[in-house]
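Next comes work00.txt, a file with compact mmCIF, C-alpha atoms.
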```
# COMPACT_ATOMS: atom_id res chain seq x y z
CA MET A 1 29.64 -9.99 -26.43
CA ARG A 2 28.37 -13.52 -25.97
CA LYS A 3 28.99 -13.32 -22.26
CA SER A 4 26.95 -10.14 -21.92
CA MET A 5 24.13 -11.74 -23.95
CA LEU A 6 24.15 -14.67 -21.56
CA ALA A 7 24.07 -12.30 -18.59
CA LEU A 8 21.09 -10.55 -20.13
CA LEU A 9 19.26 -13.81 -20.67
CA LEU A 10 19.99 -14.90 -17.11
CA ALA A 11 18.77 -11.58 -15.77
CA ALA A 12 15.57 -11.96 -17.77
CA ALA A 13 15.05 -15.49 -16.43
CA LEU A 14 15.43 -14.44 -12.79
CA PRO A 15 12.36 -13.25 -10.92
CA ALA A 16 12.24 -9.51 -11.47
CA GLY A 17 12.81 -8.35 -7.90
CA ALA A 18 12.77 -4.68 -8.81
CA ALA A 19 9.33 -4.96 -10.40
CA ASP A 20 7.77 -6.54 -7.31
CA VAL A 21 5.53 -4.06 -5.58
CA GLY A 22 3.99 -6.24 -2.91
CA LEU A 23 3.95 -9.62 -1.27
CA VAL A 24 1.06 -11.93 -0.43
CA LYS A 25 1.26 -12.44 3.35
CA VAL A 26 -2.11 -14.05 3.96
CA ALA A 27 -3.99 -16.41 1.64
CA HIS A 28 -7.08 -18.39 2.63
CA GLY A 29 -9.22 -20.52 0.31
CA SER A 30 -9.14 -19.83 -3.40
CA VAL A 31 -6.89 -16.91 -4.35
CA THR A 32 -5.52 -16.44 -7.87
CA ILE A 33 -3.49 -13.77 -9.59
CA GLU A 34 -4.29 -12.87 -13.18
CA ARG A 35 -1.08 -11.72 -14.84
CA THR A 36 -0.79 -11.06 -18.58
CA GLY A 37 -3.51 -13.55 -19.42
CA GLU A 38 -2.25 -16.26 -17.06
CA ARG A 39 -3.85 -17.40 -13.83
CA ILE A 40 -1.39 -18.07 -11.05
CA PRO A 41 -2.51 -19.58 -7.74
CA ALA A 42 -1.47 -17.17 -4.98
CA THR A 43 0.12 -18.48 -1.82
CA VAL A 44 1.93 -16.83 1.06
CA GLY A 45 5.11 -15.41 -0.46
CA THR A 46 3.77 -14.76 -3.98
CA ALA A 47 5.24 -11.47 -5.22
CA LEU A 48 2.89 -9.02 -6.91
CA ARG A 49 3.48 -6.60 -9.77
CA THR A 50 1.71 -3.68 -11.33
CA SER A 51 -1.25 -4.82 -13.49
CA ASP A 52 -1.80 -7.97 -11.43
CA VAL A 53 -5.42 -8.73 -10.64
CA ILE A 54 -6.21 -10.56 -7.41
CA VAL A 55 -9.28 -12.77 -7.65
CA THR A 56 -10.77 -14.58 -4.66
CA GLY A 57 -13.37 -17.34 -4.59
CA ALA A 58 -16.39 -17.49 -2.29
CA ASP A 59 -14.14 -19.07 0.37
CA GLY A 60 -11.12 -16.88 -0.41
CA SER A 61 -9.38 -13.92 1.17
CA ALA A 62 -5.88 -12.48 0.83
CA GLY A 63 -3.64 -9.99 2.60
CA ILE A 64 -0.87 -8.05 0.87
CA THR A 65 1.95 -5.83 2.11
CA PHE A 66 3.22 -3.19 -0.33
CA SER A 67 6.69 -1.71 -0.43
CA ASP A 68 5.64 1.56 1.25
CA ASN A 69 4.11 -0.45 4.14
CA SER A 70 0.55 -0.09 2.84
CA LEU A 71 -1.54 -3.10 3.78
CA VAL A 72 -4.46 -4.30 1.67
CA SER A 73 -6.76 -7.25 2.21
CA VAL A 74 -9.29 -8.57 -0.25
CA GLY A 75 -12.35 -10.43 1.01
CA PRO A 76 -14.35 -13.32 -0.47
CA SER A 77 -15.71 -13.22 -4.06
CA SER A 78 -13.65 -10.14 -4.87
CA VAL A 79 -11.66 -8.78 -7.79
CA PHE A 80 -8.95 -6.21 -7.09
CA ALA A 81 -6.55 -4.87 -9.72
CA ILE A 82 -3.26 -3.11 -9.01
CA ASP A 83 -3.50 -0.56 -11.84
CA LYS A 84 -0.45 1.50 -10.86
CA TYR A 85 2.09 1.25 -8.12
CA ALA A 86 5.23 3.32 -7.84
CA PHE A 87 7.13 4.22 -4.69
CA ASP A 88 10.47 6.00 -4.44
CA THR A 89 12.21 4.65 -1.34
CA THR A 90 14.42 7.73 -1.04
CA THR A 91 11.89 10.55 -1.47
CA TYR A 92 8.75 8.54 -0.51
CA ALA A 93 6.98 10.01 -3.53
CA GLY A 94 4.67 7.57 -5.22
CA GLU A 95 1.36 6.61 -6.68
CA PHE A 96 -0.94 3.71 -5.90
CA GLN A 97 -4.05 3.15 -7.98
CA GLY A 98 -6.21 0.10 -7.55
CA THR A 99 -9.63 -0.96 -8.75
CA LEU A 100 -12.07 -3.00 -6.72
CA SER A 101 -14.53 -4.18 -9.35
CA ARG A 102 -16.40 -6.48 -7.01
CA GLY A 103 -16.34 -7.66 -3.41
CA ARG A 104 -14.70 -6.19 -0.37
CA LEU A 105 -11.42 -4.59 0.56
CA ALA A 106 -9.80 -3.32 3.75
CA ALA A 107 -6.63 -1.25 3.80
CA VAL A 108 -4.18 0.62 5.96
CA SER A 109 -2.28 3.32 4.09
CA GLY A 110 1.50 3.51 4.27
CA LYS A 111 4.39 5.91 3.85
CA MET A 112 3.28 7.18 0.45
CA VAL A 113 0.02 8.63 1.78
CA LYS A 114 1.80 10.03 4.84
CA GLN A 115 4.11 11.90 2.47
CA SER A 116 1.42 13.04 0.03
CA PRO A 117 -2.25 12.55 0.87
CA GLU A 118 -4.43 11.01 -1.83
CA SER A 119 -1.46 9.52 -3.68
CA MET A 120 -3.38 6.29 -3.04
CA ARG A 121 -6.64 5.99 -4.93
CA ILE A 122 -9.13 3.15 -5.10
CA ARG A 123 -11.64 3.00 -7.93
CA THR A 124 -14.91 1.15 -7.93
CA PRO A 125 -16.99 0.76 -11.11
CA SER A 126 -18.91 3.99 -10.40
CA ALA A 127 -16.79 6.05 -7.98
CA ILE A 128 -13.25 6.86 -6.96
CA MET A 129 -11.77 7.30 -3.53
CA GLY A 130 -8.68 9.25 -2.44
CA VAL A 131 -6.96 8.05 0.73
CA ARG A 132 -5.73 10.60 3.24
CA GLY A 133 -5.09 7.89 5.86
CA THR A 134 -5.16 5.46 7.39
CA GLU A 135 -7.66 2.60 7.81
CA PHE A 136 -10.67 2.12 5.63
CA VAL A 137 -12.96 -0.44 4.01
CA VAL A 138 -14.73 -0.54 0.65
CA GLN A 139 -17.56 -2.76 -0.54
CA VAL A 140 -18.81 -2.98 -4.12
CA ASP A 141 -22.32 -4.34 -4.48
CA GLU A 142 -23.79 -6.14 -7.43
CA PRO A 143 -24.94 -3.63 -10.07
CA ALA A 144 -28.60 -2.72 -9.82
CA PRO A 145 -30.69 -4.88 -12.20
CA GLN A 146 -31.53 -3.01 -15.40
CA ARG A 147 -35.20 -2.38 -16.00
CA PRO A 148 -36.34 -3.77 -19.36
CA MET B 1 -35.38 20.80 -38.51
CA GLY B 2 -31.67 20.02 -38.44
CA ARG B 3 -31.49 21.94 -35.20
CA LEU B 4 -34.38 20.03 -33.67
CA ALA B 5 -32.80 16.73 -34.68
CA ALA B 6 -29.54 17.78 -33.06
CA ALA B 7 -31.37 18.80 -29.89
CA LEU B 8 -33.25 15.49 -29.82
CA LEU B 9 -30.03 13.60 -30.36
CA ALA B 10 -28.33 15.53 -27.54
CA ALA B 11 -31.26 14.82 -25.22
CA ALA B 12 -31.16 11.15 -26.13
CA LEU B 13 -27.41 11.04 -25.47
CA ALA B 14 -27.81 12.80 -22.11
CA ALA B 15 -30.58 10.37 -21.15
CA GLY B 16 -28.38 7.50 -22.28
CA CYS B 17 -25.58 8.72 -20.03
CA ALA B 18 -27.88 9.24 -17.08
CA SER B 19 -29.20 5.70 -17.32
CA GLN B 20 -25.68 4.20 -17.33
CA PRO B 21 -25.95 1.46 -14.74
CA VAL B 22 -24.49 2.48 -11.40
CA THR B 23 -22.70 -0.09 -9.30
CA PRO B 24 -23.53 0.73 -5.70
CA ALA B 25 -20.67 0.82 -3.22
CA LEU B 26 -19.92 1.59 0.41
CA PHE B 27 -16.84 3.42 1.72
CA ALA B 28 -16.03 3.73 5.43
CA VAL B 29 -13.24 5.07 7.64
CA LEU B 30 -12.10 2.90 10.55
CA PRO B 31 -10.22 4.04 13.65
CA ALA B 32 -6.61 2.84 13.73
CA PRO B 33 -5.58 0.62 16.68
CA ASP B 34 -3.85 3.67 18.23
CA GLY B 35 -7.14 5.60 18.06
CA HIS B 36 -6.07 7.78 15.14
CA ILE B 37 -8.93 8.53 12.74
CA GLY B 38 -8.00 9.20 9.16
CA ALA B 39 -9.98 10.47 6.22
CA ILE B 40 -10.99 9.43 2.74
CA ALA B 41 -12.53 11.44 -0.08
CA VAL B 42 -15.16 9.81 -2.28
CA GLU B 43 -15.81 11.24 -5.73
CA ARG B 44 -18.65 10.58 -8.11
CA ASP B 45 -19.62 12.69 -11.13
CA GLY B 46 -17.58 15.66 -9.93
CA GLU B 47 -19.13 15.53 -6.47
CA ARG B 48 -16.65 15.04 -3.67
CA ARG B 49 -17.43 13.96 -0.11
CA VAL B 50 -14.85 13.67 2.65
CA ILE B 51 -15.33 11.18 5.49
CA HIS B 52 -13.29 11.72 8.64
CA ALA B 53 -15.18 10.09 11.48
CA ALA B 54 -14.71 6.64 12.97
CA TYR B 55 -17.10 4.31 11.12
CA GLY B 56 -18.27 7.28 9.09
CA ALA B 57 -19.32 6.18 5.60
CA GLN B 58 -20.59 7.21 2.21
CA ARG B 59 -22.94 5.01 0.26
CA LEU B 60 -23.12 5.26 -3.52
CA ARG B 61 -26.73 4.39 -4.31
CA ALA B 62 -28.12 2.76 -7.42
CA ASP B 63 -29.50 6.13 -8.60
CA GLY B 64 -25.96 7.51 -8.60
CA SER B 65 -26.34 9.71 -5.52
CA LEU B 66 -23.96 9.74 -2.57
CA GLU B 67 -25.45 9.41 0.89
CA ALA B 68 -23.65 9.94 4.20
CA ALA B 69 -24.02 7.14 6.72
CA GLN B 70 -22.79 6.29 10.18
CA LEU B 71 -21.96 2.63 10.68
CA THR B 72 -21.37 0.87 13.97
CA GLU B 73 -18.37 -1.25 14.86
CA ALA B 74 -20.66 -4.32 14.87
CA GLU B 75 -21.97 -3.57 11.36
CA VAL B 76 -18.42 -3.19 10.06
CA ARG B 77 -17.42 -6.45 11.69
CA GLU B 78 -20.40 -8.23 10.18
CA ARG B 79 -19.77 -6.98 6.65
CA PHE B 80 -15.98 -6.92 6.67
CA GLY B 81 -15.01 -9.48 9.32
CA THR B 82 -13.43 -11.98 6.92
CA THR B 83 -11.77 -9.18 4.96
CA LEU B 84 -10.33 -7.47 8.04
CA ALA B 85 -9.10 -10.81 9.37
CA ALA B 86 -6.96 -11.17 6.23
CA LEU B 87 -5.10 -7.87 6.79
CA PRO B 88 -1.41 -8.67 7.33
CA ALA B 89 0.13 -7.81 10.69
CA PRO B 90 1.31 -4.20 10.74
CA PRO B 91 5.06 -3.84 10.17
CA ALA B 92 7.20 -3.69 13.30
CA THR B 93 9.55 -0.70 13.33
CA PHE B 94 12.87 -0.42 15.16
CA THR B 95 15.32 2.46 15.27
CA LEU B 96 19.03 1.92 15.80
CA TYR B 97 21.58 4.72 16.21
CA PHE B 98 25.04 5.31 14.79
CA LEU B 99 28.20 6.98 15.99
CA ALA B 100 28.92 10.35 14.32
CA ASP B 101 30.06 10.30 10.66
CA SER B 102 30.28 6.53 10.84
CA ASP B 103 28.48 3.34 9.97
CA GLU B 104 29.15 1.85 13.44
CA LEU B 105 26.21 1.35 15.81
CA THR B 106 26.19 2.85 19.30
CA PRO B 107 26.65 0.19 22.02
CA ALA B 108 23.00 0.45 23.14
CA SER B 109 21.80 -0.12 19.59
CA ARG B 110 24.06 -3.13 19.16
CA ALA B 111 22.09 -4.71 22.02
CA GLU B 112 18.75 -3.67 20.45
CA LEU B 113 19.68 -5.69 17.39
CA ASP B 114 18.66 -8.83 19.32
CA HIS B 115 15.07 -7.57 19.50
CA VAL B 116 15.09 -6.97 15.76
CA LEU B 117 16.31 -10.52 15.13
CA ALA B 118 13.65 -11.95 17.48
CA GLU B 119 10.90 -10.09 15.58
CA ILE B 120 12.21 -11.28 12.23
CA ARG B 121 12.26 -14.90 13.42
CA ARG B 122 8.76 -14.58 14.84
CA ARG B 123 7.22 -13.78 11.44
CA PRO B 124 6.23 -16.50 8.98
CA LEU B 125 7.61 -14.88 5.85
CA PRO B 126 9.58 -11.84 6.90
CA ASP B 127 10.65 -9.16 4.50
CA ILE B 128 12.80 -6.45 5.92
CA VAL B 129 13.47 -2.90 4.79
CA VAL B 130 16.41 -1.09 6.34
CA ILE B 131 16.29 2.68 5.83
CA GLY B 132 19.33 4.77 6.70
CA HIS B 133 19.09 8.38 7.88
CA THR B 134 21.66 11.08 8.66
CA ASP B 135 21.80 14.37 10.55
CA THR B 136 22.14 17.58 8.52
CA VAL B 137 25.94 17.84 8.70
CA GLY B 138 27.38 17.58 5.18
CA ARG B 139 25.90 17.95 1.73
CA ARG B 140 22.71 16.25 0.70
CA ARG B 141 24.49 13.97 -1.79
CA TYR B 142 27.05 12.90 0.80
CA ASN B 143 24.26 12.15 3.26
CA ASP B 144 22.35 10.12 0.68
CA ARG B 145 25.45 7.93 0.34
CA LEU B 146 26.14 7.83 4.08
CA SER B 147 22.53 6.85 4.84
CA LEU B 148 22.70 4.04 2.29
CA ALA B 149 26.05 2.90 3.71
CA ARG B 150 24.45 2.74 7.16
CA ALA B 151 21.53 0.71 5.84
CA GLU B 152 23.87 -1.65 4.00
CA ARG B 153 26.02 -2.07 7.09
CA LEU B 154 22.96 -3.10 9.04
CA ARG B 155 21.89 -5.43 6.28
CA GLU B 156 25.29 -7.16 6.53
CA MET B 157 24.82 -7.53 10.28
CA LEU B 158 21.44 -9.19 9.79
CA VAL B 159 22.87 -11.50 7.13
CA ARG B 160 25.70 -12.46 9.51
CA HIS B 161 22.99 -13.46 11.98
CA GLY B 162 21.53 -15.84 9.44
CA ILE B 163 18.79 -13.72 7.84
CA PRO B 164 18.69 -14.48 4.09
CA ALA B 165 20.14 -11.56 2.14
CA ASP B 166 17.38 -11.63 -0.47
CA ARG B 167 14.78 -10.88 2.20
CA ILE B 168 16.43 -7.58 3.15
CA GLN B 169 16.37 -4.33 1.19
CA ALA B 170 18.69 -1.50 2.14
CA ARG B 171 17.69 2.08 1.29
CA GLY B 172 19.09 5.51 2.07
CA ARG B 173 16.88 8.48 2.82
CA GLY B 174 19.70 10.92 3.53
CA GLU B 175 18.77 13.89 5.71
CA ARG B 176 15.17 14.14 4.45
CA GLU B 177 13.44 12.69 7.49
CA PRO B 178 15.13 13.86 10.68
CA LEU B 179 13.70 12.40 13.88
CA VAL B 180 14.51 15.75 15.50
CA PRO B 181 14.16 18.63 13.01
CA THR B 182 17.22 20.90 13.01
CA ALA B 183 18.78 23.68 10.94
CA ASP B 184 21.30 22.64 8.29
CA GLU B 185 24.77 21.53 9.47
CA VAL B 186 23.65 20.53 12.96
CA ARG B 187 25.11 17.46 14.65
CA GLU B 188 22.25 15.50 16.17
CA ALA B 189 22.83 11.96 17.43
CA ARG B 190 19.13 11.07 17.27
CA ASN B 191 19.06 11.74 13.52
CA ARG B 192 21.97 9.39 12.76
CA ARG B 193 19.94 6.26 12.65
CA VAL B 194 18.49 3.40 10.70
CA GLU B 195 14.85 2.51 10.72
CA ILE B 196 14.13 -1.19 10.31
CA ASN B 197 10.69 -2.23 9.07
CA VAL B 198 9.96 -5.91 9.60
CA ARG B 199 6.93 -6.92 7.54
```
Whole structure, structure tokens version:
Amino acid sequence: MRKSMLALLLAAALPAGAADVGLVKVAHGSVTIERTGERIPATVGTALRTSDVIVTGADGSAGITFSDNSLVSVGPSSVFAIDKYAFDTTTYAGEFQGTLSRGRLAAVSGKMVKQSPESMRIRTPSAIMGVRGTEFVVQVDEPAPQRP
Amino acid sequence: MGRLAAALLAAALAAGCASQPVTPALFAVLPAPDGHIGAIAVERDGERRVIHAAYGAQRLRADGSLEAAQLTEAEVRERFGTTLAALPAPPATFTLYFLADSDELTPASRAELDHVLAEIRRRPLPDIVVIGHTDTVGRRRYNDRLSLARAERLREMLVRHGIPADRIQARGRGEREPLVPTADEVREARNRRVEINVR
């Protein structure tokens, strides 16, 4: 009983490999990950999970590979959230939902979209985009100033 | 009077919704390096526009309307140069073949393994996915296990060549993705393979 408790604790302490959905492969300038209220500096090799938010500074940019081979890069002064990411490595079924709330993004879709078009969706504050493949870019501008 | 008030309230609500601030955005399709042109669908307020031209774009304007646009390569480079430069290198894919009903590589594929190792060592922070496949001989369940066994066998080979085990994932895809489509229960050497993605 005690042994199994210890095993559980150890398992909890280890980095949760199964929950990792992507890997930071490129990081220039200021790149941070917001995860459950914490801010983690992102470097090459940082593993990403669902609900992570990637935030870049004015000098920052980051490139990420996801487990279905999707590639996403985030440009300077950008905020990109991984809202949902699921990929079944046997059936290739999955769902990828991200939100670009500001800045710029470039992406190359992966196996998930090849299997089922529009399983990858990118939201912006006022629109939503379904990806049928393969390379695309998105830019979110500053909101129009409100008239008094 | 109650009716009028309700109508006024509804009108005020509708106006309130319509004046919700819109955050303008730009969406564009790029040609892939192999020349393939994909497609994206942009949706706003129930309106749906599909873009499927190289550098074809949709602009969401501040008034909430969608407008088709055609960008040039130079414009895309100017706006997205830094962003595109941060895209990771595309994964390299290798295919190695197995002897029938076995997790042993064919002699030619054993030689190809050197190229796989060279690619892995070339990358700064490699992560590797090994995906096993089978032909259609045997039941689906059996092939799921056989494909995973093939992937795991290859993973062991990579580990023996000094690639850290925690950088390699082994997966089985059974008979779901034949390289050469066949009827069920057909022996096909080209389908007995593993695909190696080096990212």
Can you check which parts of chain A lie within 8 Å of chain B? Per residue, the shortest pair of atoms and distance in Å to one decimal, counting all atoms listed in the file, sorted by chain and number, as a Markdown table.
```
| residue | atom | partner | partner_atom | distance |
| --- | --- | --- | --- | --- |
| A:Lys25 | CA | B:Pro88 | CA | 6.1 |
| A:Val26 | CA | B:Ala86 | CA | 6.1 |
| A:Ala27 | CA | B:Ala86 | CA | 7.6 |
| A:Val44 | CA | B:Leu125 | CA | 7.7 |
| A:Gly45 | CA | B:Leu125 | CA | 6.8 |
| A:Ser61 | CA | B:Ala86 | CA | 6.2 |
| A:Ala62 | CA | B:Ala86 | CA | 5.7 |
| A:Gly63 | CA | B:Leu87 | CA | 4.9 |
| A:Ile64 | CA | B:Pro88 | CA | 6.5 |
| A:Thr65 | CA | B:Pro88 | CA | 6.8 |
| A:Asn69 | CA | B:Pro91 | CA | 7.0 |
| A:Leu71 | CA | B:Pro88 | CA | 6.6 |
| A:Val72 | CA | B:Leu87 | CA | 6.3 |
| A:Ser73 | CA | B:Leu87 | CA | 4.9 |
| A:Val74 | CA | B:Thr83 | CA | 5.8 |
| A:Gly75 | CA | B:Thr83 | CA | 4.2 |
| A:Pro76 | CA | B:Thr83 | CA | 7.3 |
| A:Thr89 | CA | B:Arg171 | CA | 6.6 |
| A:Thr90 | CA | B:Arg173 | CA | 4.6 |
| A:Thr91 | CA | B:Arg173 | CA | 6.9 |
| A:Arg104 | CA | B:Thr83 | CA | 6.8 |
| A:Leu105 | CA | B:Thr83 | CA | 6.4 |
| A:Ala106 | CA | B:Leu84 | CA | 6.0 |
| A:Ala107 | CA | B:Leu87 | CA | 7.4 |
| A:Thr124 | CA | B:Ala25 | CA | 7.4 |
| A:Pro125 | CA | B:Thr23 | CA | 6.1 |
| A:Ser126 | CA | B:Thr23 | CA | 5.7 |
| A:Ala127 | CA | B:Arg44 | CA | 4.9 |
| A:Ile128 | CA | B:Glu43 | CA | 5.2 |
| A:Met129 | CA | B:Val42 | CA | 4.4 |
| A:Gly130 | CA | B:Ala41 | CA | 5.0 |
| A:Val131 | CA | B:Ile40 | CA | 4.7 |
| A:Arg132 | CA | B:Ala39 | CA | 5.2 |
| A:Gly133 | CA | B:Gly38 | CA | 4.6 |
| A:Thr134 | CA | B:Gly38 | CA | 5.0 |
| A:Glu135 | CA | B:Leu30 | CA | 5.2 |
| A:Phe136 | CA | B:Val29 | CA | 4.4 |
| A:Val137 | CA | B:Ala28 | CA | 5.4 |
| A:Val138 | CA | B:Phe27 | CA | 4.6 |
| A:Gln139 | CA | B:Leu26 | CA | 5.0 |
| A:Val140 | CA | B:Ala25 | CA | 4.3 |
| A:Asp141 | CA | B:Pro24 | CA | 5.4 |
| A:Glu142 | CA | B:Thr23 | CA | 6.4 |
| A:Pro143 | CA | B:Thr23 | CA | 4.3 |
| A:Ala144 | CA | B:Ala62 | CA | 6.0 |
| A:Gln146 | CA | B:Pro21 | CA | 7.2 |
```
Region 94-102 of chain A environment, 7 Å, only C-alpha atoms, sequence neighbours closer than 4 positions dropped, as a ChimeraX atom specification: /A:78-88,112,119-125,140-141
For a test of reading the model, state the distance in Å between CA of Thr93 (chain B) and CA of Glu195 (chain B), rounded to one decimal. 6.7 Å
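Computed from the coordinates, the CA of Gly138 (chain B) to CA of Tyr92 (chain A) distance equals 21.5 Å.
The residue that comes closest to Thr56 (chain A), out of A:Gly110, A:Gly22, A:Gly37, A:Gly103 and on the basis of all atoms listed in the file, is A:Gly103.
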If I take CA of Arg192 (chain B) and CA of Phe98 (chain B), how far is one from the other in Å, to one decimal? 5.5 Å
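If you measure from each of B:Leu146, B:Val194, B:Ala108, B:Ile128 to Phe66 (chain A) using only C-alpha atoms, the closest one turns out to be B:Ile128.
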For region 70-75 of chain A, I'd like the enclosing box, axis-aligned and padded by 5 Å on every side, reported as lines of an AutoDock Vina configuration file with centre and edge lengths in Å to one decimal.
```
center_x = -5.9
center_y = -5.3
center_z = 1.8
size_x = 22.9
size_y = 20.3
size_z = 14.0
```
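With all atoms listed in the file as the atoms that count, the residue of B:Ile168, B:Thr134, B:Ala149, B:Arg155 with the shortest distance to Asp184 (chain B) is B:Thr134.
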For Val108 (chain A), which residue among A:Thr32, A:Thr46, A:Ser51, A:Ser70 is the nearest when counting only C-alpha atoms? A:Ser70
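Of the listed residues (A:Ala47, A:Val55, A:Val113, A:Ala93), A:Val55 comes nearest to Val31 (chain A); the distances count only C-alpha atoms.
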I need the residue nearest Glu104 (chain B) from this list: B:Arg150, B:Arg160, B:Arg167, B:Arg190. Use all atoms listed in the file for the distance. B:Arg150
